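**Student:** You'll find protein21.txt just under this line, and it carries compact mmCIF, C-alpha atoms and all ligand atoms.
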```
# COMPACT_ATOMS: atom_id res chain seq x y z
CA MET A 1 17.03 -10.08 18.42
CA ASN A 2 13.42 -9.08 18.69
CA GLU A 3 12.39 -11.93 16.51
CA THR A 4 10.52 -13.86 19.11
CA MET A 5 6.90 -13.56 18.25
CA THR A 6 4.61 -13.43 21.20
CA SER A 7 1.38 -14.46 19.59
CA THR A 8 -0.33 -17.45 18.21
CA GLU A 9 2.44 -18.78 16.07
CA ALA A 10 3.86 -21.05 18.67
CA SER A 11 1.24 -23.39 17.30
CA SER A 12 2.44 -25.75 14.63
CA GLY A 13 0.71 -28.17 12.32
CA ALA A 14 -1.21 -27.90 9.12
CA THR A 15 -3.04 -24.66 9.76
CA ALA A 16 -1.11 -21.46 9.41
CA PRO A 17 -1.07 -19.22 12.47
CA LEU A 18 -3.51 -16.40 12.14
CA GLU A 19 -1.52 -13.32 13.07
CA LYS A 20 1.64 -11.94 14.60
CA ILE A 21 1.95 -9.01 16.93
CA ALA A 22 3.78 -6.03 15.51
CA LEU A 23 6.80 -4.91 17.48
CA GLU A 24 6.39 -1.27 18.36
CA ILE A 25 10.05 -0.46 18.55
CA TYR A 26 10.20 2.69 16.51
CA VAL A 27 12.44 5.15 18.30
CA PRO A 28 12.05 8.67 16.93
CA PRO A 29 15.26 10.47 16.02
CA ALA A 30 16.55 13.18 18.32
CA LYS A 31 15.47 15.76 15.74
CA PRO A 32 11.97 14.79 14.64
CA SER A 33 10.86 15.14 11.03
CA LEU A 34 7.78 17.25 10.43
CA VAL A 35 6.78 14.93 7.56
CA GLY A 36 3.64 13.00 8.44
CA LEU A 37 2.55 15.20 11.33
CA SER A 38 -0.89 16.80 11.38
CA ARG A 39 -1.25 20.58 11.40
CA ALA A 40 -2.13 20.44 15.10
CA GLU A 41 1.01 18.44 15.87
CA ILE A 42 3.19 20.87 13.92
CA ALA A 43 1.61 23.81 15.76
CA GLU A 44 2.30 22.11 19.07
CA LEU A 45 5.95 21.52 18.18
CA LEU A 46 6.26 25.17 17.17
CA GLY A 47 4.90 26.06 20.59
CA SER A 48 7.58 23.90 22.18
CA ILE A 49 10.32 26.02 20.59
CA GLY A 50 8.74 29.27 21.70
CA VAL A 51 6.63 30.32 18.69
CA GLN A 52 3.86 32.52 20.04
CA PRO A 53 0.29 31.15 19.91
CA ALA A 54 -0.86 33.94 17.58
CA GLN A 55 1.81 32.99 15.05
CA ARG A 56 1.53 29.23 15.11
CA LYS A 57 -1.31 28.83 12.64
CA MET A 58 0.32 31.00 10.01
CA ARG A 59 3.72 29.33 10.46
CA THR A 60 2.09 25.90 10.22
CA GLN A 61 0.40 26.89 6.94
CA GLN A 62 3.72 28.10 5.54
CA LEU A 63 5.50 24.91 6.53
CA TRP A 64 2.68 22.77 5.13
CA HIS A 65 2.95 24.54 1.79
CA TRP A 66 6.72 24.23 1.60
CA ILE A 67 6.73 20.59 2.61
CA TYR A 68 3.76 19.23 0.64
CA VAL A 69 3.34 21.59 -2.33
CA ARG A 70 6.91 22.60 -3.01
CA GLY A 71 8.59 19.47 -1.68
CA ALA A 72 11.24 21.36 0.29
CA SER A 73 13.80 18.97 1.68
CA ASN A 74 15.33 21.43 4.15
CA PHE A 75 14.32 24.59 5.94
CA GLY A 76 16.87 26.67 4.03
CA GLU A 77 14.67 26.49 0.91
CA MET A 78 11.70 28.01 2.70
CA THR A 79 12.35 31.58 1.62
CA SER A 80 9.03 33.03 2.75
CA ILE A 81 10.03 32.25 6.34
CA SER A 82 12.46 34.62 8.06
CA LYS A 83 16.10 33.57 8.25
CA GLU A 84 16.01 33.62 12.02
CA MET A 85 12.96 31.37 12.16
CA ARG A 86 14.47 28.98 9.61
CA ALA A 87 17.61 28.64 11.74
CA GLN A 88 15.49 27.91 14.76
CA LEU A 89 13.51 25.26 12.89
CA GLU A 90 16.73 23.75 11.57
CA ALA A 91 18.09 23.46 15.08
CA HIS A 92 15.15 21.41 16.32
CA PHE A 93 13.51 19.61 13.40
CA THR A 94 14.02 18.14 9.94
CA VAL A 95 11.81 17.44 6.94
CA ALA A 96 13.53 14.11 6.36
CA ARG A 97 11.97 11.29 4.37
CA PRO A 98 12.99 7.62 4.46
CA GLU A 99 16.50 7.01 3.19
CA VAL A 100 16.73 5.64 -0.35
CA VAL A 101 19.35 2.89 -0.48
CA ALA A 102 18.77 1.68 -4.03
CA GLU A 103 16.85 2.75 -7.09
CA GLN A 104 16.04 0.66 -10.13
CA VAL A 105 14.73 2.23 -13.30
CA SER A 106 13.27 -0.02 -15.99
CA SER A 107 13.13 0.87 -19.66
CA ASP A 108 9.34 1.19 -19.51
CA GLY A 109 9.62 3.80 -16.77
CA THR A 110 8.81 1.55 -13.82
CA ARG A 111 10.91 2.52 -10.84
CA LYS A 112 11.55 0.73 -7.63
CA TRP A 113 13.11 2.27 -4.54
CA LEU A 114 14.51 0.35 -1.63
CA LEU A 115 14.03 2.38 1.54
CA ARG A 116 15.88 1.94 4.81
CA LEU A 117 13.97 2.53 8.01
CA PRO A 118 15.50 2.68 11.47
CA SER A 119 14.91 -0.42 13.56
CA GLY A 120 15.21 1.29 16.93
CA ASP A 121 17.68 -1.35 17.97
CA ALA A 122 21.40 -0.94 17.44
CA ILE A 123 22.04 -4.67 17.17
CA GLU A 124 19.24 -5.51 14.85
CA LYS A 125 19.68 -4.62 11.17
CA ALA A 126 17.83 -1.62 9.80
CA HIS A 127 14.53 -2.51 8.18
CA GLU A 128 13.93 -2.23 4.47
CA VAL A 129 10.75 -1.75 2.48
CA GLU A 130 10.12 -1.14 -1.18
CA CYS A 131 8.04 1.37 -3.01
CA VAL A 132 7.28 1.06 -6.73
CA TYR A 133 6.16 3.59 -9.33
CA ILE A 134 4.22 2.24 -12.31
CA PRO A 135 3.60 4.70 -15.16
CA GLU A 136 0.71 4.19 -17.57
CA THR A 137 -0.50 6.41 -20.38
CA ASP A 138 -3.32 7.89 -18.31
CA ARG A 139 -1.87 7.68 -14.80
CA GLY A 140 1.14 6.98 -12.64
CA THR A 141 0.57 4.67 -9.70
CA LEU A 142 2.68 4.40 -6.59
CA CYS A 143 2.55 1.15 -4.65
CA VAL A 144 3.13 1.97 -0.98
CA SER A 145 3.95 -0.22 2.05
CA SER A 146 2.32 0.01 5.47
CA GLN A 147 4.44 -2.42 7.52
CA VAL A 148 7.85 -4.03 7.48
CA GLY A 149 6.79 -7.64 6.93
CA CYS A 150 3.14 -8.36 7.63
CA THR A 151 1.04 -9.10 10.69
CA LEU A 152 -0.79 -11.80 8.75
CA ASN A 153 0.29 -15.11 7.26
CA CYS A 154 -1.42 -15.67 3.93
CA THR A 155 0.05 -18.94 2.72
CA PHE A 156 0.64 -17.82 -0.91
CA CYS A 157 2.33 -14.54 0.05
CA HIS A 158 6.06 -14.19 0.54
CA THR A 159 5.73 -11.16 2.81
CA GLY A 160 3.52 -13.24 5.10
CA THR A 161 6.43 -15.61 5.75
CA GLN A 162 8.56 -12.89 7.31
CA ARG A 163 8.64 -13.24 11.05
CA LEU A 164 9.48 -9.72 12.00
CA VAL A 165 6.86 -7.00 11.74
CA ARG A 166 7.11 -3.34 12.47
CA ASN A 167 4.36 -0.86 11.77
CA LEU A 168 5.45 2.09 9.67
CA THR A 169 4.85 5.52 11.14
CA GLY A 170 2.57 7.98 9.36
CA GLY A 171 5.69 9.91 8.38
CA GLU A 172 7.27 6.82 6.82
CA ILE A 173 4.10 6.21 4.79
CA VAL A 174 3.75 9.82 3.57
CA GLY A 175 7.54 9.76 3.13
CA GLN A 176 7.22 7.13 0.38
CA ILE A 177 5.14 9.52 -1.73
CA MET A 178 7.62 12.32 -0.97
CA VAL A 179 10.53 10.13 -2.08
CA ALA A 180 8.74 9.33 -5.35
CA ARG A 181 8.00 13.02 -6.02
CA ASP A 182 11.63 13.91 -5.19
CA ARG A 183 13.07 11.25 -7.47
CA LEU A 184 10.68 11.95 -10.33
CA ASN A 185 11.05 15.70 -9.92
CA ASP A 186 7.28 15.77 -9.60
CA TRP A 187 6.60 18.63 -7.20
CA ALA A 188 4.00 21.25 -8.11
CA ASP A 189 6.45 23.95 -9.18
CA ARG A 190 8.47 21.67 -11.50
CA GLU A 191 7.88 20.96 -15.15
CA THR A 192 7.29 17.31 -16.04
CA PRO A 193 7.74 15.86 -19.54
CA THR A 194 3.98 15.35 -19.89
CA GLY A 195 3.02 18.70 -18.41
CA SER A 196 0.96 16.96 -15.74
CA ARG A 197 1.78 15.27 -12.45
CA LEU A 198 3.54 11.91 -12.64
CA VAL A 199 2.32 10.33 -9.40
CA THR A 200 -1.45 10.51 -9.79
CA ASN A 201 -2.59 7.38 -7.93
CA VAL A 202 -1.61 5.58 -4.75
CA VAL A 203 -2.29 1.92 -3.90
CA MET A 204 -1.64 0.56 -0.41
CA MET A 205 -0.51 -2.77 -1.84
CA GLY A 206 3.12 -2.97 -0.84
CA MET A 207 4.28 -4.83 2.22
CA GLY A 208 1.95 -5.19 5.15
CA GLU A 209 -1.68 -5.19 6.11
CA PRO A 210 -2.75 -1.53 6.20
CA LEU A 211 -5.73 -2.17 8.45
CA TYR A 212 -3.45 -3.59 11.16
CA ASN A 213 -1.74 -0.22 11.22
CA PHE A 214 -4.93 1.77 10.95
CA ASP A 215 -4.12 5.04 12.71
CA ALA A 216 -0.83 5.64 10.92
CA VAL A 217 -2.33 4.71 7.54
CA ARG A 218 -5.35 6.96 8.12
CA ASP A 219 -3.24 9.93 9.22
CA ALA A 220 -0.87 9.45 6.29
CA LEU A 221 -3.60 9.10 3.66
CA LEU A 222 -5.41 12.16 4.94
CA ILE A 223 -2.20 14.11 4.37
CA VAL A 224 -1.75 12.59 0.91
CA ALA A 225 -5.32 13.60 -0.01
CA ASP A 226 -5.09 17.09 1.52
CA ASN A 227 -6.00 19.70 -1.09
CA GLU A 228 -3.57 22.24 0.25
CA GLY A 229 -0.72 19.77 -0.03
CA ILE A 230 0.05 16.64 -2.04
CA GLY A 231 -3.57 16.69 -3.21
CA ILE A 232 -4.12 13.20 -4.62
CA SER A 233 -7.87 12.75 -4.54
CA ARG A 234 -9.41 9.99 -2.42
CA ARG A 235 -10.80 8.41 -5.58
CA ARG A 236 -7.25 7.87 -6.74
CA ILE A 237 -6.12 6.22 -3.53
CA THR A 238 -6.88 2.50 -3.04
CA LEU A 239 -6.41 0.60 0.17
CA SER A 240 -6.10 -3.18 -0.16
CA THR A 241 -6.96 -5.39 2.79
CA SER A 242 -7.07 -9.11 3.43
CA GLY A 243 -10.30 -8.49 5.32
CA VAL A 244 -9.89 -6.84 8.71
CA VAL A 245 -13.65 -6.43 9.00
CA PRO A 246 -13.96 -3.97 11.93
CA ASN A 247 -11.64 -1.52 10.20
CA ILE A 248 -13.29 -1.68 6.78
CA ILE A 249 -16.19 0.58 7.73
CA ARG A 250 -13.74 2.86 9.55
CA THR A 251 -11.75 3.10 6.32
CA GLY A 252 -14.82 4.44 4.53
CA GLU A 253 -15.82 6.74 7.35
CA GLU A 254 -12.45 8.06 8.49
CA ILE A 255 -10.37 7.96 5.30
CA GLY A 256 -12.87 7.76 2.43
CA VAL A 257 -10.56 6.07 -0.06
CA MET A 258 -11.29 3.31 -2.58
CA LEU A 259 -11.33 -0.22 -1.22
CA ALA A 260 -9.78 -3.42 -2.56
CA ILE A 261 -10.41 -6.79 -0.90
CA SER A 262 -8.01 -9.70 -1.20
CA LEU A 263 -10.69 -12.35 -1.55
CA HIS A 264 -8.87 -15.22 -3.32
CA ALA A 265 -11.40 -17.92 -2.41
CA VAL A 266 -15.16 -18.34 -2.47
CA ARG A 267 -15.49 -20.97 0.25
CA ASP A 268 -14.55 -20.48 3.88
CA GLU A 269 -12.73 -23.78 4.07
CA LEU A 270 -10.27 -22.76 1.37
CA ARG A 271 -10.06 -19.14 2.42
CA ASN A 272 -9.20 -20.25 5.96
CA GLU A 273 -6.13 -21.87 4.47
CA LEU A 274 -5.10 -19.14 2.00
CA VAL A 275 -5.94 -16.15 4.17
CA PRO A 276 -5.94 -17.46 7.76
CA LEU A 277 -7.55 -14.22 8.97
CA ASN A 278 -10.71 -15.69 7.46
CA ARG A 279 -11.00 -17.84 10.57
CA LYS A 280 -11.62 -14.65 12.50
CA TYR A 281 -13.67 -12.80 9.87
CA PRO A 282 -15.34 -15.28 7.52
CA ILE A 283 -16.49 -14.51 3.98
CA ALA A 284 -20.11 -13.66 4.88
CA GLU A 285 -18.99 -11.03 7.40
CA LEU A 286 -16.44 -9.65 4.97
CA LEU A 287 -19.01 -9.28 2.19
CA GLN A 288 -21.46 -7.65 4.57
CA ALA A 289 -18.80 -5.07 5.46
CA CYS A 290 -18.40 -4.45 1.72
CA ARG A 291 -22.15 -4.00 1.27
CA ASP A 292 -22.05 -1.48 4.13
CA TYR A 293 -18.93 0.30 2.86
CA PRO A 294 -19.69 4.02 2.97
CA GLY A 295 -19.60 5.76 -0.39
CA SER A 296 -19.43 2.73 -2.67
CA SER A 297 -21.54 2.99 -5.82
CA ASN A 298 -21.38 1.92 -9.44
CA ALA A 299 -19.05 4.82 -10.01
CA ARG A 300 -16.96 3.88 -6.97
CA ARG A 301 -16.69 0.13 -7.08
CA ILE A 302 -14.93 -2.14 -4.64
CA THR A 303 -12.13 -4.15 -6.25
CA PHE A 304 -11.98 -7.85 -5.40
CA GLU A 305 -8.52 -9.28 -5.89
CA TYR A 306 -8.29 -12.96 -6.78
CA VAL A 307 -4.92 -14.66 -7.07
CA MET A 308 -4.95 -17.51 -9.61
CA LEU A 309 -3.63 -20.69 -7.98
CA LYS A 310 -3.45 -23.81 -10.10
CA ASP A 311 -6.00 -26.47 -9.11
CA VAL A 312 -6.68 -24.62 -5.89
CA ASN A 313 -9.18 -21.84 -6.62
CA ASP A 314 -9.25 -21.58 -10.41
CA SER A 315 -12.13 -23.82 -11.53
CA LEU A 316 -15.14 -22.51 -13.43
CA ASP A 317 -17.19 -23.56 -10.46
CA ASP A 318 -15.18 -21.07 -8.40
CA ALA A 319 -15.82 -18.42 -11.06
CA ARG A 320 -19.57 -19.10 -10.93
CA LEU A 321 -19.66 -18.85 -7.15
CA LEU A 322 -17.56 -15.70 -7.26
CA VAL A 323 -20.00 -13.95 -9.57
CA LYS A 324 -22.93 -15.16 -7.50
CA MET A 325 -21.52 -14.01 -4.18
CA LEU A 326 -20.67 -10.52 -5.42
CA LYS A 327 -24.22 -9.91 -6.64
CA GLY A 328 -25.56 -6.63 -5.27
CA ILE A 329 -22.11 -5.24 -4.43
CA PRO A 330 -20.73 -2.57 -6.81
CA ALA A 331 -17.66 -4.65 -7.63
CA LYS A 332 -14.72 -5.08 -9.97
CA ILE A 333 -12.66 -8.24 -10.11
CA ASN A 334 -8.89 -8.18 -10.49
CA LEU A 335 -7.39 -11.54 -11.37
CA ILE A 336 -3.76 -11.73 -10.30
CA PRO A 337 -1.63 -14.52 -11.74
CA PHE A 338 0.23 -16.06 -8.81
CA ASN A 339 3.87 -15.05 -8.55
CA PRO A 340 5.78 -18.04 -7.20
CA TRP A 341 8.61 -17.69 -4.71
CA PRO A 342 11.22 -20.19 -3.49
CA GLY A 343 9.66 -22.80 -1.25
CA THR A 344 6.03 -22.05 -2.04
CA ARG A 345 3.60 -24.94 -2.29
CA TYR A 346 1.48 -23.20 -4.97
CA GLU A 347 1.73 -22.83 -8.72
CA CYS A 348 0.23 -20.25 -11.00
CA SER A 349 -2.83 -21.41 -12.93
CA ASP A 350 -2.30 -22.32 -16.56
CA TRP A 351 -2.86 -19.43 -18.92
CA ASP A 352 -5.75 -21.24 -20.59
CA GLN A 353 -7.48 -21.59 -17.31
CA ILE A 354 -6.94 -17.93 -16.43
CA GLU A 355 -8.50 -17.03 -19.78
CA LYS A 356 -11.52 -19.27 -19.22
CA PHE A 357 -12.01 -17.89 -15.75
CA SER A 358 -11.62 -14.36 -17.02
CA GLU A 359 -14.08 -14.97 -19.85
CA TYR A 360 -16.66 -16.33 -17.46
CA ILE A 361 -16.59 -13.27 -15.25
CA PHE A 362 -16.46 -11.01 -18.30
CA ASN A 363 -19.64 -12.61 -19.63
CA ALA A 364 -21.21 -12.07 -16.24
CA GLY A 365 -20.67 -8.34 -16.67
CA TYR A 366 -17.26 -7.68 -15.16
CA SER A 367 -14.63 -6.01 -17.27
CA SER A 368 -11.88 -8.42 -18.18
CA PRO A 369 -9.18 -7.71 -15.64
CA VAL A 370 -6.25 -9.62 -17.10
CA ARG A 371 -5.10 -7.20 -19.69
CA THR A 372 -1.92 -8.47 -21.27
CA PRO A 373 -2.06 -11.56 -23.49
CA ARG A 374 1.25 -12.82 -22.30
CA GLY A 375 0.10 -15.67 -20.14
CA ARG A 376 2.51 -16.56 -17.45
CA ASP A 377 4.45 -13.42 -18.13
CA ILE A 378 1.98 -11.27 -16.26
CA LEU A 379 3.25 -11.93 -12.86
CA ALA A 380 3.90 -10.71 -9.40
CA ALA A 381 2.05 -8.23 -7.39
CA CYS A 382 2.89 -5.42 -5.13
CA GLY A 383 2.49 -7.93 -2.32
CA GLN A 384 5.56 -9.60 -3.75
CA LEU A 385 7.81 -6.65 -3.20
CA LYS A 386 11.12 -7.11 -1.51
CA SER A 387 12.03 -9.92 -3.82
CA GLU A 388 15.51 -11.28 -3.78
CA THR A 389 16.04 -10.56 -7.43
CA GLU A 390 18.08 -7.47 -8.02
CA LYS A 391 16.32 -6.41 -11.19
CA LEU A 392 12.67 -5.83 -11.68
CA SER A 393 11.68 -8.61 -14.06
CA VAL A 394 9.34 -8.20 -17.01
CA ARG A 395 6.92 -10.50 -15.20
CA GLU A 396 6.97 -8.38 -12.09
CA ARG A 397 6.51 -5.15 -14.01
CA GLN A 398 3.54 -6.45 -15.93
CA ALA A 399 1.86 -7.72 -12.83
CA LEU A 400 2.44 -4.47 -11.01
CA ARG A 401 0.63 -2.89 -13.94
CA ALA A 402 -2.33 -5.24 -13.54
CA MET A 403 -2.49 -4.42 -9.85
CA ALA A 404 -2.27 -0.72 -10.52
CA MET A 405 -5.52 -0.84 -12.50
CA THR A 406 -7.70 -0.96 -9.44
CA ASP A 407 -9.97 2.01 -9.98
N1 LIG B 501 -1.97 -6.90 2.86
C1 LIG B 501 -2.82 -6.33 1.91
C2 LIG B 501 -2.10 -5.48 0.86
C3 LIG B 501 -0.76 -5.97 0.37
S1 LIG B 501 -0.75 -7.40 -0.64
C4 LIG B 501 -3.67 -7.38 1.24
O1 LIG B 501 -3.43 -8.56 1.44
O2 LIG B 501 -4.62 -7.01 0.55
C5 LIG B 501 -1.32 -6.81 -2.21
C6 LIG B 501 -1.97 -7.90 -3.06
O3 LIG B 501 -0.98 -8.83 -3.55
C7 LIG B 501 -2.98 -8.73 -2.30
O4 LIG B 501 -4.16 -8.93 -3.03
C8 LIG B 501 -2.26 -10.03 -2.11
O5 LIG B 501 -3.13 -11.08 -1.88
C9 LIG B 501 -1.48 -10.14 -3.40
N2 LIG B 501 -0.38 -11.11 -3.36
C10 LIG B 501 0.41 -11.44 -2.33
N3 LIG B 501 1.30 -12.38 -2.68
C11 LIG B 501 1.10 -12.67 -3.99
C12 LIG B 501 1.70 -13.55 -4.93
N4 LIG B 501 2.72 -14.32 -4.59
N5 LIG B 501 1.23 -13.55 -6.19
C13 LIG B 501 0.22 -12.75 -6.55
N6 LIG B 501 -0.40 -11.89 -5.71
C14 LIG B 501 0.02 -11.85 -4.43
FE1 LIG B 502 -0.04 -9.73 4.53
FE2 LIG B 502 -1.46 -9.10 2.36
FE3 LIG B 502 0.62 -10.84 2.24
FE4 LIG B 502 -1.63 -11.55 3.46
S1 LIG B 502 -1.39 -11.05 1.26
S2 LIG B 502 0.43 -11.88 4.24
S3 LIG B 502 -2.27 -9.65 4.39
S4 LIG B 502 0.74 -8.68 2.72
```
The structure in this file should be written as structure tokens.
**Tutor:**
Amino acid sequence: MNETMTSTEASSGATAPLEKIALEIYVPPAKPSLVGLSRAEIAELLGSIGVQPAQRKMRTQQLWHWIYVRGASNFGEMTSISKEMRAQLEAHFTVARPEVVAEQVSSDGTRKWLLRLPSGDAIEKAHEVECVYIPETDRGTLCVSSQVGCTLNCTFCHTGTQRLVRNLTGGEIVGQIMVARDRLNDWADRETPTGSRLVTNVVMMGMGEPLYNFDAVRDALLIVADNEGIGISRRRITLSTSGVVPNIIRTGEEIGVMLAISLHAVRDELRNELVPLNRKYPIAELLQACRDYPGSSNARRITFEYVMLKDVNDSLDDARLLVKMLKGIPAKINLIPFNPWPGTRYECSDWDQIEKFSEYIFNAGYSSPVRTPRGRDILAACGQLKSETEKLSVRERQALRAMAMTD
């Protein structure tokens, strides 16, 4: 059901198909959730249930505060709103977030939630995405998904092999942060063990290509950054893209968050294979978009992610070219040891080689991005979420950590 892809992938042969078309089959529930809606949309819905125009702004502000500052999960909690009004809201709307179907807590505090999203099709199974919280001494990073599956087909990425893609709604994206705050008891009026907020950073590095779901991601991140609500500053939100060039400048202009680029290769020929989207937007165009990225500076660097694939992209010659091509761009480099999955044709580079590569770029002035001296133990990435393994492995946790250090 609904698995027939309509786009380019009918093609077979050595080259991976470039992209799939997302199935827009989200069917909103009969009672819509207010989570993820803009203030204007909330005001409009209030109008639809008879709230007078003069009252709508004030009511919207109250709801915004209860939902995004206090984390209210039902209207009954919203005690500054009259009982009558609360009953009316309850009758028509919810403040539901995605349903949590499983939670894993690791001894180091890493938590992973499996979320169920409606498929809009009774026959087809519900969709599932994952969201991971990675605590560090100075921050707590949440790795958030933007799609079920991914529009693109990077050959080293497990998510890319999934055939079915659905864009998440803005509410489902904001909902992931709400779920994390609920589960960690991390809303503004609650005490946390450290006395400060637990979720301090967000990375759009879970499943999916965020720039193929631009509007929903933008609307969601603007809510996440809103000072009168969740209030995570734009400098603490990083959006990772495989290089959807036209939407990179829009990300700077319309969202204003930190940017991470999944580069992974320094020559077009190889990048065409690893990240087939490169055939549409080659390296030179991608780097130009980075040079033009609004708001980047030495204090706000662009992160370049580089997955270490044995004998594919890990030579010192690659390292030299990498340093050369990033000249003039305020950049950081994040080396990600490849996390293998069943059936993949790639292997992770040897630890020695990762160290040599890392040393080369360190000597060229980039901080050494591989931080744990555990060699092949530092594995996996947020892009590897939705693994078949039940437990979050040490390798996966350590890699998530490496990925979380993007700013
Ligand atoms: N689609 C976006 C964001 C999600 S992927 C993007 O591609 O940037 C997040 C990161 O994980 C990307 O840099 C991606 O290239 C990387 N990644 C995907 N699969 C991986 C794997 N098997 N091992 C290591 N990193 C991987
Ligand atoms: Fe999609 Fe990113 Fe995986 Fe490529 S690396 S298939 S863009 S999730």
**Student:** Could I get the residue neighbourhood of ligand LIG 502 (chain B) at 8 Å, counting all atoms listed in the file, as a VMD selection string?
**Tutor:** chain A and resid 149 to 161 205 to 209 240 to 242 262 275 383 to 384
**Student:** CA of Asp318 in chain A and CA of Met204 in chain A are how many Å apart?
**Tutor:**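 Computing it gives 26.7 Å between the two atoms.
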**Student:** Between CA of Asp352 in chain A and atom C13 of ligand LIG 501 (chain B), measure the distance and give it in Å to one decimal.
**Tutor:**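 Atom-to-atom, CA of Asp352 in chain A to atom C13 of ligand LIG 501 (chain B), that is 17.5 Å.
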**Student:** Under the rule that only C-alpha atoms and all ligand atoms are counted, which of A:Lys324, A:Arg291, A:His264, A:Arg345 is the nearest residue to ligand LIG 501 (chain B)?
**Tutor:**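 Closest candidate: A:His264.
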**Student:** Can you tell me how far CA of Ile237 in chain A sits from atom C7 of ligand LIG 501 (chain B), in Å to one decimal?
**Tutor:**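 Interatomic distance, CA of Ile237 in chain A to atom C7 of ligand LIG 501 (chain B): 15.3 Å.
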**Student:** Write out as a PyMOL selection string which residues come within 9 Å of Leu221 in chain A when counting all atoms listed in the file, dropping same-chain ones fewer than 3 positions away.
**Tutor:** chain A and resi 170+173-174+216-218+224-226+234+237+255+257
**Student:** With all atoms listed in the file as the basis for distance, which of A:Trp351, A:Phe362, A:Phe357, A:Phe304 is at the shortest distance from ligand LIG 501 (chain B)?
**Tutor:**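 When distances to ligand LIG 501 (chain B) are compared using all atoms listed in the file, the smallest one comes from A:Phe304.
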**Student:** Using all atoms listed in the file, find the one residue out of A:Asn313, A:Pro17, A:Val203, A:Thr169 that sits nearest to Tyr346 in chain A.
**Tutor:**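 Checking each candidate against Tyr346 in chain A, we get A:Asn313 as the closest.
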**Student:** Which residues are close to Tyr366 in chain A, i.e. within 10 Å by all atoms listed in the file, leaving aside same-chain residues fewer than 2 positions away? Reply as a list in words.
**Tutor:**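 What passes the distance filter is Val323, Ala331, Lys332, Ile333, Asn334, Ser358, Glu359, Tyr360, Ile361, Phe362, Asn363, Ala364, Ser368 and Pro369 of chain A.
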**Student:** Would you mind listing what lies within 9 Å of range 298-303 of chain A as a tab-separated table (two decimals) with C-alpha atoms, keeping the file's coordinate frame, with all atoms listed in the file counted and same-chain residues fewer than 2 positions away left out?
**Tutor:**
```tsv
chain	number	residue	atom	x	y	z
A	235	ARG	CA	-10.80	8.41	-5.58
A	240	SER	CA	-6.10	-3.18	-0.16
A	258	MET	CA	-11.29	3.31	-2.58
A	259	LEU	CA	-11.33	-0.22	-1.22
A	260	ALA	CA	-9.78	-3.42	-2.56
A	261	ILE	CA	-10.41	-6.79	-0.90
A	262	SER	CA	-8.01	-9.70	-1.20
A	290	CYS	CA	-18.40	-4.45	1.72
A	293	TYR	CA	-18.93	0.30	2.86
A	295	GLY	CA	-19.60	5.76	-0.39
A	296	SER	CA	-19.43	2.73	-2.67
A	305	GLU	CA	-8.52	-9.28	-5.89
A	329	ILE	CA	-22.11	-5.24	-4.43
A	330	PRO	CA	-20.73	-2.57	-6.81
A	331	ALA	CA	-17.66	-4.65	-7.63
A	332	LYS	CA	-14.72	-5.08	-9.97
A	333	ILE	CA	-12.66	-8.24	-10.11
A	334	ASN	CA	-8.89	-8.18	-10.49
A	406	THR	CA	-7.70	-0.96	-9.44
A	407	ASP	CA	-9.97	2.01	-9.98
```
**Student:** Using only C-alpha atoms, give me every residue within 8 Å of (10.6, 1.8, 11.6) in file coordinates, as a PyMOL selection string.
**Tutor:** chain A and resi 25-27+117-120+127+148+166-169+172
**Student:** Looking at A:Ala188, A:Val245, A:Ala220, A:Leu309, which one is nearest to ligand LIG 501 (chain B), with distances taken over only C-alpha atoms and all ligand atoms?
**Tutor:**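 Nearest to ligand LIG 501 (chain B): A:Leu309.
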**Student:** Pick from A:Gln147, A:Gln162, A:Thr137, A:Asn272: nearest to Leu18 in chain A, with only C-alpha atoms counted?
**Tutor:** A:Asn272
**Student:** Leaving out Glu347 in chain A and any residue of its chain fewer than 4 positions from it, which residues lie within 7 Å of it when counting only C-alpha atoms, given as an mmCIF file with C-alpha atoms, in the coordinates of the input?
**Tutor:**
```
data_model
loop_
_atom_site.group_PDB
_atom_site.id
_atom_site.type_symbol
_atom_site.label_atom_id
_atom_site.label_comp_id
_atom_site.auth_asym_id
_atom_site.auth_seq_id
_atom_site.Cartn_x
_atom_site.Cartn_y
_atom_site.Cartn_z
ATOM 1 C CA LEU A 309 -3.630 -20.690 -7.980
ATOM 2 C CA LYS A 310 -3.450 -23.810 -10.100
ATOM 3 C CA PHE A 338 0.230 -16.060 -8.810
ATOM 4 C CA PRO A 340 5.780 -18.040 -7.200
#
```
